[in-house]
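Novice: Structure incoming, see below.
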Amino acid sequence: MGVAVSYSGAAHKDLATMLRHRVRLLTIASALCVASLLSITLGTSAAPAAEAYDPWPGLVQDIFNNRPMNDGNDVIGIEMPTRAEDAAIVPVTLRTKLSPGDSRRITAITLVIDENPAPMAAKFTLGPDANVTEISTRVRVNNYTNVHAVAELSDGKLYMAKTYVKASGGCSAPAGKNVEEANSRLGQMRYRQFAKPEQGPATTTREAQIMIGHPNNSGLQMDQVTQLYIPAFFINQLQLWQGDSPVLAMEGGISISEDPNIRFTFVSNGAKQIRAEARDTDGHVFQHEWKVDNPGT
Amino acid sequence: MAHWVAGLALLLTLGASTIARAQERELPVSEVAPGIFVHGGVTALMTRENDGGIANIGFVVGDSAVAVIDSGGSVREGRQLLAAIKRHTDKPIRYVINTHAHPDHSFGNAAFVKDGTSFVGHKRLPRALTARGQFYLDGFRRTMGDALIDEVRIIAPTVLVEDTLKLDLGGRTLALKAWPAAHSDNDLTVLDERTSTLFAGDLVFLNHIPVVDGSLKGWLRALDALAAIPAQRVVPGHGAVSEWPAALADERRYLETLAADVRALVASGKPITAAAERAAASERPRWQLFDDYNARNATAAFSELEWE
C-alpha cells in the first residue's frame, strides 16, 4: 500500500512523504487510465479498471480528511471470505487486537469497501464503557475489492487493516432476493444474547446480536430500462444501549446487507435492559427494548 | 503505418463478425416431444468459451406461431437458437418467455427483438432486471469478455404474468404460471398442454446443484404444488429432460437437507460463516458445481431462516 506510516515518526515529515506518494500514485493512475482508454479505442482488451487504479489514497482524502493512516495490524483485524459467495450477503468480522494492558482504546471503526459505488460502508462507534472487542455484520460487495477497516484510537490516531475480496460469480447480485418479504419485515427488531459455554457464570462478557428488518437498498443500482437510479432506502443510524450506557452505534450503512444484522461482544454493566433505536433514510424511527435475563453482575 | 495496421485490423474484425452473424451456426436441439425442441446447456459456469450456454433453452411450435422459452446466456447463443428455429419452421416467433431474470436464461433476448414478438415474464421480472441488470452486465464482462457482453441488452417483458396466463400458438396452448419466491422471486413455469411437457425453468435442477436466489422456504413450499402439475416430462432449467414428477426427488432432498442443517446452526447460536462451511456438506458428492454454489446457498438460507 505504501501509505502506512510508523507510529512514532514525526507527523509532519510523514504527512509530506505520504502526500508525495499520493501524488505519485495519482499520476500513475492517470497514466493507466489514459492507457486503458487508448487500448479501448484500438479495440484491444484492457485490464479491468479496478486492477489498474487504486482508489484508496483518494478515499483517505475523502473519508478521513487525509489524516495519517498508521499500520493497524496490531490494533484491528478484519476477516472476510476470500470470495464473496453471495454478493448481497458477505460476512465481515472486525476484531480489536489491542492487548488488555494497552492504555488506549478503540473509539470507532470505519469500514470501507473500496470498489463499491459508495465505498464508505459504515462507521461503528464503540461505547466508552462497553469494551466491544468484536463486531460481525454482512455487506454487499459489487466488485473485486480491497476492504479497509480503520480504527480510531483514544489517542486520536487512525490505524488501518485491510483484506481483499473477490466478487461472486453466477447469478448472485447485491440486490434483494425476495423484495416482498423484506418489505413485510420493515422495522422488526430482534435481539439475541448467545451463551458462551467456555466462560463461567461469573464473566460479564456477552455476545449478542441485533437484527433489523429492512430492505436496505443502497440506491446505487441503475435501472437498465429507464436509466434512472433506484431510490436509496436504508438504515443510516443505529444506536444500542445497556441501561443508559451506549454500547455500539452505527452510521452510514449504505453497503450493509438487507435486514441489517450486527453480532458483537460487550461487557455487561449489570443493566436489565438493552435498548435499540434505528433510523432510515426516509426518516422512519424504529425503537425497541429488551429485558435481559442474565445481564451479569 | 500504425494507423494503417489498426484500420486493417478493424476492417477484418468487422468483416469477420458480419460473416459470423450471417452464417450463425445452429444450436443443436432435440425434439423431446412433437413440436417441443430443447437445447441442453452444459453444466458449467458461464464463460467466454461456452458463450454462456449453460441453461436448457427451447421452443414450442404451434400451428400458427412459435414460442421461445428462455433465450440463452448471450446474444450469440440466442442467434444460434434463432438459426435452429428457422431450420425447423417458418412460422413467426410470437412470444419469447423468460422463466426468470438470471443471465443464462435472458442474455440472449436481443437476438429475438422484432415487430410482432412479445417478451413474456413474471410480474416481478421487470423489477429484478432493474435491480440486477447492470450488475450482471458488469460481472459477466469479467468472465465472458467484451465481445459477448457488448451486444447484450436488458430487455424487460411487456406481457406480464400476474398468476396464470394462457398463450395460444394455434391449436396449441401454453399454460404459464407465476410462482411465489422460490428459486428466485420471479419464477415462471410453462406447460405445453398438448404433450404434457413442463418447462420448469430453474424451479427444477438435476445434476447441477440447485441455486437458492429467492426463498428456500418458498421453494420447499412450491415443491408439492409443482409435483401436482399434470406433466409427463420436465425440461428443467439445468440437467436432463426427465420424467415427471420423479425429477424432483434429488432437488427436494438437497433443499430439505440444507434447511435442516441451517436451522440447527441458527438454533445453536452459530454465526452465518459456519453455515457456509458446514450446511448440506453431506450433499457434496451428489451434485456438480457444489463448491461454486453451496456456500452461497447456505449463506442465503441462513439469512432467511434466522428470522423464523
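Residue numbers start at 1 in each chain; chains themselves are named A, B, ... in the order of the C-alpha cells; ligands are numbered from 1 in the order shown.
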For Ala227 in chain B, list every protein, DNA or RNA residue within 10 Å, evaluated using only C-alpha atoms, and leave out those in the same chain fewer than 6 positions away; present the list as a ChimeraX atom specification.
Specialist: /B:244-249
Novice: Could you dump the residues just selected with C-alpha atoms as an mmCIF file, in the first residue's frame?
Specialist:
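For reference, again22.cif as written:
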data_model
loop_
_atom_site.group_PDB
_atom_site.id
_atom_site.type_symbol
_atom_site.label_atom_id
_atom_site.label_comp_id
_atom_site.auth_asym_id
_atom_site.auth_seq_id
_atom_site.Cartn_x
_atom_site.Cartn_y
_atom_site.Cartn_z
ATOM 1 C CA TRP B 244 -42.247 -36.013 -14.010
ATOM 2 C CA PRO B 245 -42.547 -35.681 -11.042
ATOM 3 C CA ALA B 246 -39.763 -38.159 -10.208
ATOM 4 C CA ALA B 247 -37.307 -35.487 -11.398
ATOM 5 C CA LEU B 248 -37.993 -33.503 -8.208
ATOM 6 C CA ALA B 249 -36.575 -36.082 -5.793
#
Novice: Determine, counting only C-alpha atoms, which protein, DNA and RNA residues have an atom within 6 Å of an atom of Val38 in chain B; residues of the same chain fewer than 3 positions away are not included. Present the result as number ranges by chain.
Specialist: B: 29-30, 57-58
Novice: Could you list, as a VMD selection string, the residues of chain B having an atom within 6 Å of chain A when counting only C-alpha atoms?
Specialist: chain B and resid 102 130 to 131 185 213 to 214 296
Novice: To one decimal place, how far is CA of Arg233 in chain B from CA of Leu198 in chain B in Å?
Specialist: 6.3 Å
Novice: As an MDAnalysis selection string, list the residues of range 96-194 of chain A assigned to strand (DSSP E or B) by DSSP on the backbone atoms of this structure.
Specialist: chainID A and resid 96 106:113 120:126 134:139 145:153 158:166 189:194
Novice: Separation of CA of Ile154 in chain B and CA of Ala111 in chain B, in Å?
Specialist: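 So the two atoms, CA of Ile154 in chain B and CA of Ala111 in chain B, lie 11.5 Å apart.
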Novice: In terms of the shortest atom-to-atom distance over only C-alpha atoms, which of B:Pro92, B:Gly171, B:Pro103, B:Gly116 is closest to Gly78 in chain B?
Specialist: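 Smallest separation from Gly78 in chain B among the options: B:Pro103.
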Novice: Any idea what the distance is between CA of His238 in chain B and CA of Val96 in chain B?
Specialist: 18.8 Å
Novice: Could you check which of A:Leu94, A:Trp56, A:Phe124, A:Ala151 is closest to Gly72 in chain A, using only C-alpha atoms?
Specialist: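 Of the candidates, the smallest distance to Gly72 in chain A is held by A:Ala151.
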Novice: Considering only C-alpha atoms, state which residue in the set A:Glu152, A:Phe286, A:Pro231, A:Arg95 is at the smallest distance from Glu79 in chain A.
Specialist: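 Closest residue, counting only C-alpha atoms: A:Arg95.
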Novice: Near range 279-288 of chain B, counting only C-alpha atoms, which residues have an atom at most 9 Å away, once you skip same-chain residues fewer than 6 positions from it, shown as a list in words?
Specialist: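 Result of the neighbour search: Thr43, Ala44, Leu206, Asn207, His208, Ile209, Pro210, Asp250, Arg253, Tyr254, Leu255, Thr257, Leu258, Ala259, Ala260, Asp261, Val262, Leu265, Asn294, Ala295 and Ala298 of chain B.
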Novice: Based on the selection just made, write N, CA and C atoms of those residues as a short mmCIF file (atom, residue, chain, number, x, y, z; two decimals), in the first residue's frame.
Specialist:
data_model
loop_
_atom_site.label_atom_id
_atom_site.label_comp_id
_atom_site.auth_asym_id
_atom_site.auth_seq_id
_atom_site.Cartn_x
_atom_site.Cartn_y
_atom_site.Cartn_z
N THR B 43 -23.25 -28.21 -18.05
CA THR B 43 -23.23 -27.95 -16.61
C THR B 43 -21.90 -27.30 -16.27
N ALA B 44 -21.91 -25.99 -16.20
CA ALA B 44 -20.68 -25.21 -16.00
C ALA B 44 -21.08 -23.80 -15.61
N LEU B 206 -31.45 -30.69 -12.02
CA LEU B 206 -30.94 -32.06 -11.90
C LEU B 206 -29.45 -31.98 -12.17
N ASN B 207 -28.68 -32.75 -11.43
CA ASN B 207 -27.25 -32.84 -11.69
C ASN B 207 -26.49 -31.57 -11.27
N HIS B 208 -26.92 -30.42 -11.77
CA HIS B 208 -26.36 -29.11 -11.39
C HIS B 208 -26.96 -28.74 -10.03
N ILE B 209 -26.14 -28.46 -9.05
CA ILE B 209 -26.65 -28.13 -7.71
C ILE B 209 -27.71 -27.03 -7.79
N PRO B 210 -28.84 -27.19 -7.10
CA PRO B 210 -29.84 -26.12 -7.09
C PRO B 210 -29.25 -24.82 -6.53
N ASP B 250 -34.23 -35.47 -6.18
CA ASP B 250 -32.90 -35.05 -5.74
C ASP B 250 -32.92 -33.63 -5.19
N ARG B 253 -34.46 -33.44 -1.76
CA ARG B 253 -33.57 -33.92 -0.72
C ARG B 253 -32.51 -32.86 -0.38
N TYR B 254 -31.95 -32.24 -1.40
CA TYR B 254 -30.94 -31.20 -1.17
C TYR B 254 -31.52 -30.03 -0.38
N LEU B 255 -32.65 -29.53 -0.83
CA LEU B 255 -33.23 -28.34 -0.18
C LEU B 255 -33.63 -28.65 1.27
N THR B 257 -32.28 -30.95 3.22
CA THR B 257 -31.05 -31.09 4.00
C THR B 257 -30.47 -29.73 4.35
N LEU B 258 -30.44 -28.86 3.35
CA LEU B 258 -29.91 -27.51 3.57
C LEU B 258 -30.70 -26.80 4.67
N ALA B 259 -32.03 -26.88 4.58
CA ALA B 259 -32.87 -26.19 5.56
C ALA B 259 -32.65 -26.77 6.96
N ALA B 260 -32.59 -28.10 7.06
CA ALA B 260 -32.43 -28.73 8.37
C ALA B 260 -31.07 -28.36 8.98
N ASP B 261 -30.02 -28.40 8.17
CA ASP B 261 -28.68 -28.09 8.68
C ASP B 261 -28.59 -26.62 9.12
N VAL B 262 -29.16 -25.73 8.32
CA VAL B 262 -29.08 -24.31 8.65
C VAL B 262 -29.90 -24.01 9.90
N LEU B 265 -27.92 -24.89 12.91
CA LEU B 265 -26.85 -23.92 13.19
C LEU B 265 -27.42 -22.65 13.83
N ASN B 294 -22.79 -24.08 -3.12
CA ASN B 294 -23.37 -24.49 -1.84
C ASN B 294 -23.16 -23.45 -0.74
N ALA B 295 -21.97 -22.87 -0.69
CA ALA B 295 -21.70 -21.89 0.37
C ALA B 295 -22.62 -20.69 0.24
N ALA B 298 -26.09 -21.67 1.37
CA ALA B 298 -26.14 -21.77 2.83
C ALA B 298 -26.18 -20.38 3.46
#
Novice: Can you list, as a list in words, every protein, DNA or RNA residue that comes within 8 Å of Ile256 in chain A when you count only C-alpha atoms, leaving out same-chain residues fewer than 5 positions away?
Specialist: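 My reading of the contact set: Ala121, Ala122, Thr137, Arg138, Val139, Arg140 and Asn216 of chain A.
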Novice: Could you give me, as a list in words, each residue of range 61-227 of chain A that DSSP assigns to alpha helix (DSSP H) when run on this structure's backbone?
Specialist: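 The alpha helix (DSSP H) subset of range 61-227 of chain A is Gln61, Asp62, Ile63, Phe64, Val179, Glu180, Glu181, Ala182, Asn183 and Ser184 of chain A.
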Novice: Grab the residues selected above and save them as a PDB file, in the first residue's frame with N, CA and C atoms.
Specialist:
ATOM      1  N   GLN A  61      -8.384  10.636   1.549  1.00  0.00           N
ATOM      2  CA  GLN A  61      -8.630  12.069   1.483  1.00  0.00           C
ATOM      3  C   GLN A  61     -10.112  12.377   1.747  1.00  0.00           C
ATOM      4  N   ASP A  62     -10.991  11.666   1.049  1.00  0.00           N
ATOM      5  CA  ASP A  62     -12.414  12.000   1.132  1.00  0.00           C
ATOM      6  C   ASP A  62     -13.039  11.620   2.474  1.00  0.00           C
ATOM      7  N   ILE A  63     -12.704  10.431   2.959  1.00  0.00           N
ATOM      8  CA  ILE A  63     -13.387   9.939   4.153  1.00  0.00           C
ATOM      9  C   ILE A  63     -12.659  10.376   5.424  1.00  0.00           C
ATOM     10  N   PHE A  64     -11.329  10.402   5.359  1.00  0.00           N
ATOM     11  CA  PHE A  64     -10.552  10.655   6.584  1.00  0.00           C
ATOM     12  C   PHE A  64      -9.806  11.989   6.532  1.00  0.00           C
ATOM     13  N   VAL A 179     -38.106  -9.341  -2.424  1.00  0.00           N
ATOM     14  CA  VAL A 179     -38.400  -7.966  -2.045  1.00  0.00           C
ATOM     15  C   VAL A 179     -39.650  -7.861  -1.176  1.00  0.00           C
ATOM     16  N   GLU A 180     -40.682  -8.656  -1.517  1.00  0.00           N
ATOM     17  CA  GLU A 180     -41.922  -8.604  -0.719  1.00  0.00           C
ATOM     18  C   GLU A 180     -41.650  -8.925   0.755  1.00  0.00           C
ATOM     19  N   GLU A 181     -40.883  -9.993   0.954  1.00  0.00           N
ATOM     20  CA  GLU A 181     -40.607 -10.426   2.326  1.00  0.00           C
ATOM     21  C   GLU A 181     -39.819  -9.358   3.078  1.00  0.00           C
ATOM     22  N   ALA A 182     -38.830  -8.765   2.398  1.00  0.00           N
ATOM     23  CA  ALA A 182     -38.033  -7.725   3.048  1.00  0.00           C
ATOM     24  C   ALA A 182     -38.918  -6.552   3.462  1.00  0.00           C
ATOM     25  N   ASN A 183     -39.848  -6.176   2.588  1.00  0.00           N
ATOM     26  CA  ASN A 183     -40.728  -5.066   2.922  1.00  0.00           C
ATOM     27  C   ASN A 183     -41.674  -5.423   4.065  1.00  0.00           C
ATOM     28  N   SER A 184     -42.093  -6.687   4.118  1.00  0.00           N
ATOM     29  CA  SER A 184     -43.041  -7.086   5.161  1.00  0.00           C
ATOM     30  C   SER A 184     -42.382  -7.100   6.539  1.00  0.00           C
TER      31      SER A 184
END
Novice: Using only C-alpha atoms, which residue out of A:Arg67, A:Arg206, A:Arg83, A:His214 lies closest to Val285 in chain A?
Specialist: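 Distance minimum relative to Val285 in chain A lands on A:His214.
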Novice: Identify which of the residues A:Asp293, A:Glu207, A:Gly252, A:Ile235 lies closest to Lys270 in chain B, counting only C-alpha atoms when measuring atom-to-atom distances.
Specialist: A:Glu207
Novice: Write out as number ranges by chain which residues come within 7 Å of Ser215 in chain B when counting only C-alpha atoms, dropping same-chain ones fewer than 2 positions away.
Specialist: A: 178; B: 181-184, 212-213, 217-219
Novice: Write the residues you've just listed into a file as a CSV table (one decimal), in the first residue's frame, and include N, CA and C atoms for each of them.
Specialist:
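Output file part_19.csv is given in full below:
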chain,number,residue,atom,x,y,z
A,178,ASN,N,-35.9,-11.3,-2.3
A,178,ASN,CA,-37.3,-11.6,-2.0
A,178,ASN,C,-37.9,-10.3,-1.5
B,181,ALA,N,-42.0,-16.4,-4.4
B,181,ALA,CA,-40.5,-16.5,-4.4
B,181,ALA,C,-40.0,-17.9,-4.1
B,182,ALA,N,-39.2,-18.5,-4.9
B,182,ALA,CA,-38.6,-19.9,-4.6
B,182,ALA,C,-37.2,-19.9,-5.1
B,183,HIS,N,-36.9,-20.4,-6.3
B,183,HIS,CA,-35.5,-20.3,-6.8
B,183,HIS,C,-35.1,-18.8,-6.9
B,184,SER,N,-36.0,-18.0,-7.5
B,184,SER,CA,-35.8,-16.5,-7.5
B,184,SER,C,-37.2,-15.9,-7.1
B,212,VAL,N,-30.2,-21.2,-4.7
B,212,VAL,CA,-31.2,-20.5,-4.0
B,212,VAL,C,-31.0,-19.0,-4.1
B,213,ASP,N,-31.8,-18.3,-4.9
B,213,ASP,CA,-31.7,-16.9,-5.0
B,213,ASP,C,-33.0,-16.2,-4.8
B,217,LYS,N,-37.5,-21.4,1.9
B,217,LYS,CA,-38.8,-21.8,2.4
B,217,LYS,C,-39.9,-21.8,1.3
B,218,GLY,N,-39.8,-20.8,0.5
B,218,GLY,CA,-40.8,-20.7,-0.6
B,218,GLY,C,-40.6,-21.8,-1.6
B,219,TRP,N,-39.4,-22.2,-1.8
B,219,TRP,CA,-39.1,-23.2,-2.8
B,219,TRP,C,-39.6,-24.6,-2.2
Novice: In terms of the shortest atom-to-atom distance over only C-alpha atoms, which of B:Ser64, B:Arg132, B:Pro28, B:Asp168 is closest to Ala84 in chain B?
Specialist: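 Comparing B:Ser64, B:Arg132, B:Pro28, B:Asp168 against Ala84 in chain B, the winner is B:Pro28.
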Novice: Skipping near chain neighbours, those fewer than 3 positions away, what residues fall within 10 Å of range 48-54 of chain B using only C-alpha atoms, listed as JSON, numbers by chain?
Specialist: {"B": [27, 39, 40, 41, 42, 43, 44, 45, 57, 71, 72, 73, 74, 75, 76, 77, 78, 103, 104, 105, 107, 108, 140, 141, 142, 143, 144, 145, 146, 147, 148, 149, 237, 238, 239]}
Novice: Please, could you write that set of residues out with N, CA and C atoms as a CSV table (one decimal), in the first residue's frame?
Specialist:
chain,number,residue,atom,x,y,z
B,27,LEU,N,-27.8,-23.9,-33.1
B,27,LEU,CA,-27.7,-24.6,-31.8
B,27,LEU,C,-28.2,-26.0,-32.0
B,39,HIS,N,-32.6,-27.4,-26.3
B,39,HIS,CA,-31.1,-27.4,-26.4
B,39,HIS,C,-30.6,-27.5,-24.9
B,40,GLY,N,-29.9,-28.6,-24.7
B,40,GLY,CA,-29.4,-28.8,-23.3
B,40,GLY,C,-28.1,-28.0,-23.0
B,41,GLY,N,-28.1,-27.2,-22.0
B,41,GLY,CA,-26.9,-26.4,-21.6
B,41,GLY,C,-25.9,-27.3,-21.0
B,42,VAL,N,-24.6,-26.8,-21.0
B,42,VAL,CA,-23.6,-27.6,-20.4
B,42,VAL,C,-23.6,-27.2,-18.9
B,43,THR,N,-23.3,-28.2,-18.0
B,43,THR,CA,-23.2,-28.0,-16.6
B,43,THR,C,-21.9,-27.3,-16.3
B,44,ALA,N,-21.9,-26.0,-16.2
B,44,ALA,CA,-20.7,-25.2,-16.0
B,44,ALA,C,-21.1,-23.8,-15.6
B,45,LEU,N,-20.1,-23.0,-15.3
B,45,LEU,CA,-20.4,-21.5,-15.1
B,45,LEU,C,-20.3,-20.9,-16.5
B,57,ILE,N,-32.6,-24.4,-22.9
B,57,ILE,CA,-33.5,-23.4,-23.6
B,57,ILE,C,-34.2,-24.1,-24.7
B,71,SER,N,-33.8,-17.5,-23.7
B,71,SER,CA,-33.1,-17.1,-24.9
B,71,SER,C,-31.6,-17.4,-24.8
B,72,GLY,N,-31.1,-17.9,-23.7
B,72,GLY,CA,-29.7,-18.3,-23.6
B,72,GLY,C,-28.9,-17.2,-22.9
B,73,GLY,N,-27.6,-17.6,-22.8
B,73,GLY,CA,-26.7,-16.8,-21.9
B,73,GLY,C,-25.9,-15.7,-22.7
B,74,SER,N,-26.2,-15.6,-24.0
B,74,SER,CA,-25.5,-14.5,-24.7
B,74,SER,C,-26.4,-14.2,-26.0
B,75,VAL,N,-26.2,-13.1,-26.6
B,75,VAL,CA,-26.9,-12.8,-27.8
B,75,VAL,C,-26.4,-13.8,-28.9
B,76,ARG,N,-25.1,-14.2,-28.8
B,76,ARG,CA,-24.6,-15.2,-29.8
B,76,ARG,C,-25.4,-16.5,-29.6
B,77,GLU,N,-25.6,-17.0,-28.4
B,77,GLU,CA,-26.4,-18.2,-28.2
B,77,GLU,C,-27.8,-18.0,-28.7
B,78,GLY,N,-28.4,-16.8,-28.4
B,78,GLY,CA,-29.7,-16.5,-28.9
B,78,GLY,C,-29.8,-16.6,-30.4
B,103,PRO,N,-29.1,-14.3,-16.0
B,103,PRO,CA,-28.5,-14.1,-17.3
B,103,PRO,C,-28.4,-15.3,-18.2
B,104,ASP,N,-28.2,-16.5,-17.6
B,104,ASP,CA,-28.1,-17.6,-18.5
B,104,ASP,C,-29.5,-17.9,-19.2
B,105,HIS,N,-30.5,-17.3,-18.7
B,105,HIS,CA,-31.8,-17.5,-19.3
B,105,HIS,C,-32.3,-16.3,-20.2
B,107,PHE,N,-29.9,-13.4,-21.3
B,107,PHE,CA,-29.0,-12.6,-22.0
B,107,PHE,C,-29.1,-12.7,-23.5
B,108,GLY,N,-29.8,-13.7,-24.0
B,108,GLY,CA,-30.0,-13.8,-25.5
B,108,GLY,C,-31.2,-13.1,-26.0
B,140,PHE,N,-20.5,-10.3,-15.6
B,140,PHE,CA,-20.2,-11.3,-16.6
B,140,PHE,C,-19.3,-10.8,-17.7
B,141,ARG,N,-19.0,-9.5,-17.8
B,141,ARG,CA,-18.0,-9.0,-18.6
B,141,ARG,C,-16.6,-9.6,-18.2
B,142,ARG,N,-16.5,-9.8,-16.9
B,142,ARG,CA,-15.2,-10.3,-16.4
B,142,ARG,C,-15.0,-11.8,-16.9
B,143,THR,N,-16.1,-12.6,-16.9
B,143,THR,CA,-15.9,-14.0,-17.2
B,143,THR,C,-16.2,-14.3,-18.7
B,144,MET,N,-17.0,-13.4,-19.3
B,144,MET,CA,-17.3,-13.8,-20.7
B,144,MET,C,-16.7,-12.8,-21.7
B,145,GLY,N,-16.2,-11.7,-21.3
B,145,GLY,CA,-15.4,-10.8,-22.2
B,145,GLY,C,-16.3,-9.8,-22.9
B,146,ASP,N,-15.7,-8.8,-23.5
B,146,ASP,CA,-16.4,-7.7,-24.1
B,146,ASP,C,-17.2,-8.1,-25.3
B,147,ALA,N,-16.6,-9.0,-26.1
B,147,ALA,CA,-17.3,-9.4,-27.4
B,147,ALA,C,-18.7,-9.9,-27.2
B,148,LEU,N,-18.8,-10.8,-26.2
B,148,LEU,CA,-20.1,-11.4,-25.9
B,148,LEU,C,-21.1,-10.4,-25.2
B,149,ILE,N,-20.5,-9.6,-24.2
B,149,ILE,CA,-21.3,-8.8,-23.4
B,149,ILE,C,-21.7,-7.5,-24.0
B,237,GLY,N,-34.4,-26.4,-15.7
B,237,GLY,CA,-33.5,-25.3,-16.1
B,237,GLY,C,-32.1,-25.7,-16.4
B,238,HIS,N,-31.7,-26.8,-15.6
B,238,HIS,CA,-30.4,-27.4,-15.7
B,238,HIS,C,-30.5,-28.9,-15.5
B,239,GLY,N,-29.9,-29.7,-16.4
B,239,GLY,CA,-30.0,-31.1,-16.2
B,239,GLY,C,-30.8,-31.7,-17.3
